[in-house]
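Student: Got a structure for you, written out below as structure tokens; questions coming shortly.
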Amino acid sequence: MVKRRFSLAAAAAAAALVVAGVAGCGSTAQPIQVNLAASEVLTQAAQKTEQVSSYTVDAVVNATDPNGQSGKLQGRMLYQGKPTLAIDLTVDTAGFGDRELPGGARAVLQGDVVYVKVDALNKLVGATKPWIKVSLSEADSRGEVQQYLAQVQQFDLAAVTKMVTASKDVKQVGTESVNGVDTTHFSGTFPVEAAVLLLPADEQQRAKENLAELKDVKFDIWVNGQGLPAKLQLNGEKQGGKLDATLFFKGFNEPVNIETPPADQVGEMPSNVPQPSPSNS
């Protein structure tokens, strides 16, 4: 089930991959002064991400299974936690092996209601409106909708930042500019099993699936002058399967405009929505 802090995930999360105040976005921003151990810097970053009120994330996730089939997820998410919860997730590219999602997907969450726009799903179930409205209280039994909601956790800022704190070998690499923002670069690895346990119980299983049950994940994280992640890369491999994800975070605590679709373009979820096969869950 998606998370209520985020409260959809995530979140991102997120990662759903923060602190009050807008992150510096110009060349005058200074790298974080690392007088603390690298692990302490990550711990403080994770604590700050818990307080973020809004952010934007762009992400690209590539994966390969042990059989050599590859897949890709690319998209962006706007997140607003206050005054009311709202999320706008756009998936431009989604596919695995010979299965793709033509036209991508879009999901808008407002409170306890999610609006989903997926052309392929609409054609499959014969929906008459471009958008489908679903209450989150019903989403657990709506397999296809849950698939798209599940993507949110891969974008969740708080979740992905929390997981990297499980690292026992993180070290500072240097200082670099990320999209015009001066940052400090850290690198290390974390055991997936330990990292997932740092998340709320209702997010742990989905996090395992998103990480393809990898044993260890190598990460690189770029922290800005406010102690917040500007970029995160995750790389992992197990029994021939691979994961490669890159997330860019920006717009911390900046106003976002997330609107629900026009009422005349919204229909109810058809009762004949197919459930996903175990390989797609």
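Residue numbering restarts at 1 in every chain; chains get A, B, ... in the order shown in the structure tokens, and ligands count up from 1 in that same order.
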With only C-alpha atoms as the counted atoms, please give the residues lying no more than 6 Å from A:Gly188, apart from itself and same-chain residues fewer than 3 positions off, as an NGL selection string.
Tutor: :A and (169-170 or 218-219)
Student: Using only C-alpha atoms, which residues sit within 12 Å of A:Pro262 once same-chain residues fewer than 3 positions away are excluded, as a list of chain:residue names?
Tutor: A:Tyr115, A:Lys129, A:Pro130, A:Trp131, A:Ile132, A:Lys133, A:Glu259, A:Gln265, A:Val266, A:Gly267
Student: Per DSSP on the backbone, filter stretch 135-234 of chain A down to the residues in alpha helix (DSSP H) and report them as a PyMOL selection string.
Tutor: chain A and resi 136-139+143-154+157-164+192-196+201-210
Student: Would you list, as a PyMOL selection string, the residues of stretch 36-214 of chain A that end up in strand (DSSP E or B) under DSSP run on this structure's backbone?
Tutor: chain A and resi 54-64+70-80+86-96+99-100+105-110+113-117+131-135+156+171-178+181-191
Student: Taking only C-alpha atoms into account, name the residue in A:Asp202, A:Glu176, A:Glu50, A:Asp216 that is nearest to A:Leu243.
Tutor: A:Asp216
Student: Which neighbours of stretch 247-256 of chain A fall inside 6 Å, counting only C-alpha atoms, when residues of the same chain fewer than 6 positions from it are skipped, and could you give them as a PyMOL selection string?
Tutor: chain A and resi 22-23+53-59+230-232
Student: Let me see the file: selected residues, N, CA, C and O atoms, as an mmCIF file, in the first residue's frame.
Tutor:
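Contents of out-v8.cif, as written:
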data_model
loop_
_atom_site.group_PDB
_atom_site.id
_atom_site.type_symbol
_atom_site.label_atom_id
_atom_site.label_comp_id
_atom_site.auth_asym_id
_atom_site.auth_seq_id
_atom_site.Cartn_x
_atom_site.Cartn_y
_atom_site.Cartn_z
ATOM 1 N N VAL A 22 14.492 27.451 0.142
ATOM 2 C CA VAL A 22 14.718 27.000 -1.219
ATOM 3 C C VAL A 22 16.179 26.685 -1.439
ATOM 4 O O VAL A 22 17.063 27.432 -1.051
ATOM 5 N N ALA A 23 16.454 25.543 -2.090
ATOM 6 C CA ALA A 23 17.833 25.158 -2.386
ATOM 7 C C ALA A 23 18.432 26.132 -3.380
ATOM 8 O O ALA A 23 17.782 26.571 -4.312
ATOM 9 N N SER A 53 8.592 20.115 1.786
ATOM 10 C CA SER A 53 7.189 20.396 1.499
ATOM 11 C C SER A 53 6.868 20.240 0.026
ATOM 12 O O SER A 53 5.713 20.019 -0.338
ATOM 13 N N SER A 54 7.886 20.358 -0.838
ATOM 14 C CA SER A 54 7.662 20.170 -2.272
ATOM 15 C C SER A 54 8.995 19.970 -2.971
ATOM 16 O O SER A 54 10.034 20.432 -2.486
ATOM 17 N N TYR A 55 8.963 19.279 -4.105
ATOM 18 C CA TYR A 55 10.163 19.114 -4.916
ATOM 19 C C TYR A 55 9.775 18.579 -6.284
ATOM 20 O O TYR A 55 8.636 18.162 -6.521
ATOM 21 N N THR A 56 10.751 18.586 -7.186
ATOM 22 C CA THR A 56 10.593 18.007 -8.516
ATOM 23 C C THR A 56 11.716 17.016 -8.729
ATOM 24 O O THR A 56 12.856 17.266 -8.322
ATOM 25 N N VAL A 57 11.430 15.888 -9.361
ATOM 26 C CA VAL A 57 12.463 14.892 -9.639
ATOM 27 C C VAL A 57 12.324 14.398 -11.068
ATOM 28 O O VAL A 57 11.217 14.156 -11.552
ATOM 29 N N ASP A 58 13.448 14.301 -11.760
ATOM 30 C CA ASP A 58 13.529 13.679 -13.082
ATOM 31 C C ASP A 58 14.311 12.390 -12.915
ATOM 32 O O ASP A 58 15.362 12.375 -12.260
ATOM 33 N N ALA A 59 13.836 11.313 -13.513
ATOM 34 C CA ALA A 59 14.477 10.017 -13.284
ATOM 35 C C ALA A 59 14.538 9.170 -14.544
ATOM 36 O O ALA A 59 13.665 9.234 -15.408
ATOM 37 N N ALA A 230 20.979 16.599 -4.650
ATOM 38 C CA ALA A 230 20.674 17.175 -5.963
ATOM 39 C C ALA A 230 20.652 16.087 -7.033
ATOM 40 O O ALA A 230 19.983 16.232 -8.058
ATOM 41 N N LYS A 231 21.383 15.005 -6.785
ATOM 42 C CA LYS A 231 21.455 13.915 -7.755
ATOM 43 C C LYS A 231 21.776 12.627 -7.019
ATOM 44 O O LYS A 231 22.515 12.626 -6.037
ATOM 45 N N LEU A 232 21.221 11.533 -7.517
ATOM 46 C CA LEU A 232 21.490 10.222 -6.941
ATOM 47 C C LEU A 232 21.570 9.199 -8.054
ATOM 48 O O LEU A 232 20.711 9.160 -8.938
#
Student: Between A:Pro102, A:Thr246, A:Val217, A:Val116, which residue has the minimum interatomic distance to A:Arg76, considering only C-alpha atoms?
Tutor: A:Thr246
Student: May I have the residues within 9 Å of A:Lys215 as a ChimeraX atom specification, using only C-alpha atoms and disregarding those fewer than 3 positions away in the same chain?
Tutor: /A:190-193,236-238
Student: Could you tell me how far atom CA of A:Gln205 sits from atom CA of A:Gln239, in Å to one decimal place?
Tutor: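 The value is 20.0 Å.
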Student: May I have the residues within 8 Å of A:Ala38 as a PDB file with N, CA, C and O atoms, in the first residue's frame, using only C-alpha atoms and disregarding those fewer than 4 positions away in the same chain?
Tutor:
ATOM      1  N   VAL A  34      32.058  19.781   4.736  1.00  0.00           N
ATOM      2  CA  VAL A  34      32.046  18.464   5.353  1.00  0.00           C
ATOM      3  C   VAL A  34      33.075  18.380   6.467  1.00  0.00           C
ATOM      4  O   VAL A  34      34.219  18.026   6.246  1.00  0.00           O
ATOM      5  N   LEU A  42      25.181  11.985   5.283  1.00  0.00           N
ATOM      6  CA  LEU A  42      24.045  11.303   4.687  1.00  0.00           C
ATOM      7  C   LEU A  42      22.890  11.175   5.675  1.00  0.00           C
ATOM      8  O   LEU A  42      21.725  11.316   5.302  1.00  0.00           O
ATOM      9  N   VAL A 170      30.681   4.593   2.807  1.00  0.00           N
ATOM     10  CA  VAL A 170      30.545   5.842   2.064  1.00  0.00           C
ATOM     11  C   VAL A 170      31.758   6.745   2.296  1.00  0.00           C
ATOM     12  O   VAL A 170      32.316   6.797   3.386  1.00  0.00           O
ATOM     13  N   LYS A 171      32.163   7.440   1.235  1.00  0.00           N
ATOM     14  CA  LYS A 171      33.297   8.354   1.332  1.00  0.00           C
ATOM     15  C   LYS A 171      33.062   9.565   0.436  1.00  0.00           C
ATOM     16  O   LYS A 171      32.299   9.512  -0.532  1.00  0.00           O
ATOM     17  N   GLN A 172      33.713  10.654   0.772  1.00  0.00           N
ATOM     18  CA  GLN A 172      33.617  11.850  -0.056  1.00  0.00           C
ATOM     19  C   GLN A 172      34.538  11.702  -1.264  1.00  0.00           C
ATOM     20  O   GLN A 172      35.700  11.306  -1.127  1.00  0.00           O
ATOM     21  N   PHE A 186      29.476  12.105  -2.903  1.00  0.00           N
ATOM     22  CA  PHE A 186      29.782  10.986  -2.027  1.00  0.00           C
ATOM     23  C   PHE A 186      29.513   9.684  -2.781  1.00  0.00           C
ATOM     24  O   PHE A 186      28.635   9.622  -3.641  1.00  0.00           O
TER      25      PHE A 186
END
Student: Could you tell me how far atom CA of A:Val108 sits from atom CA of A:Ala94, in Å to one decimal place?
Tutor: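 Atom CA of A:Ala94 sits 17.3 Å away from atom CA of A:Val108.
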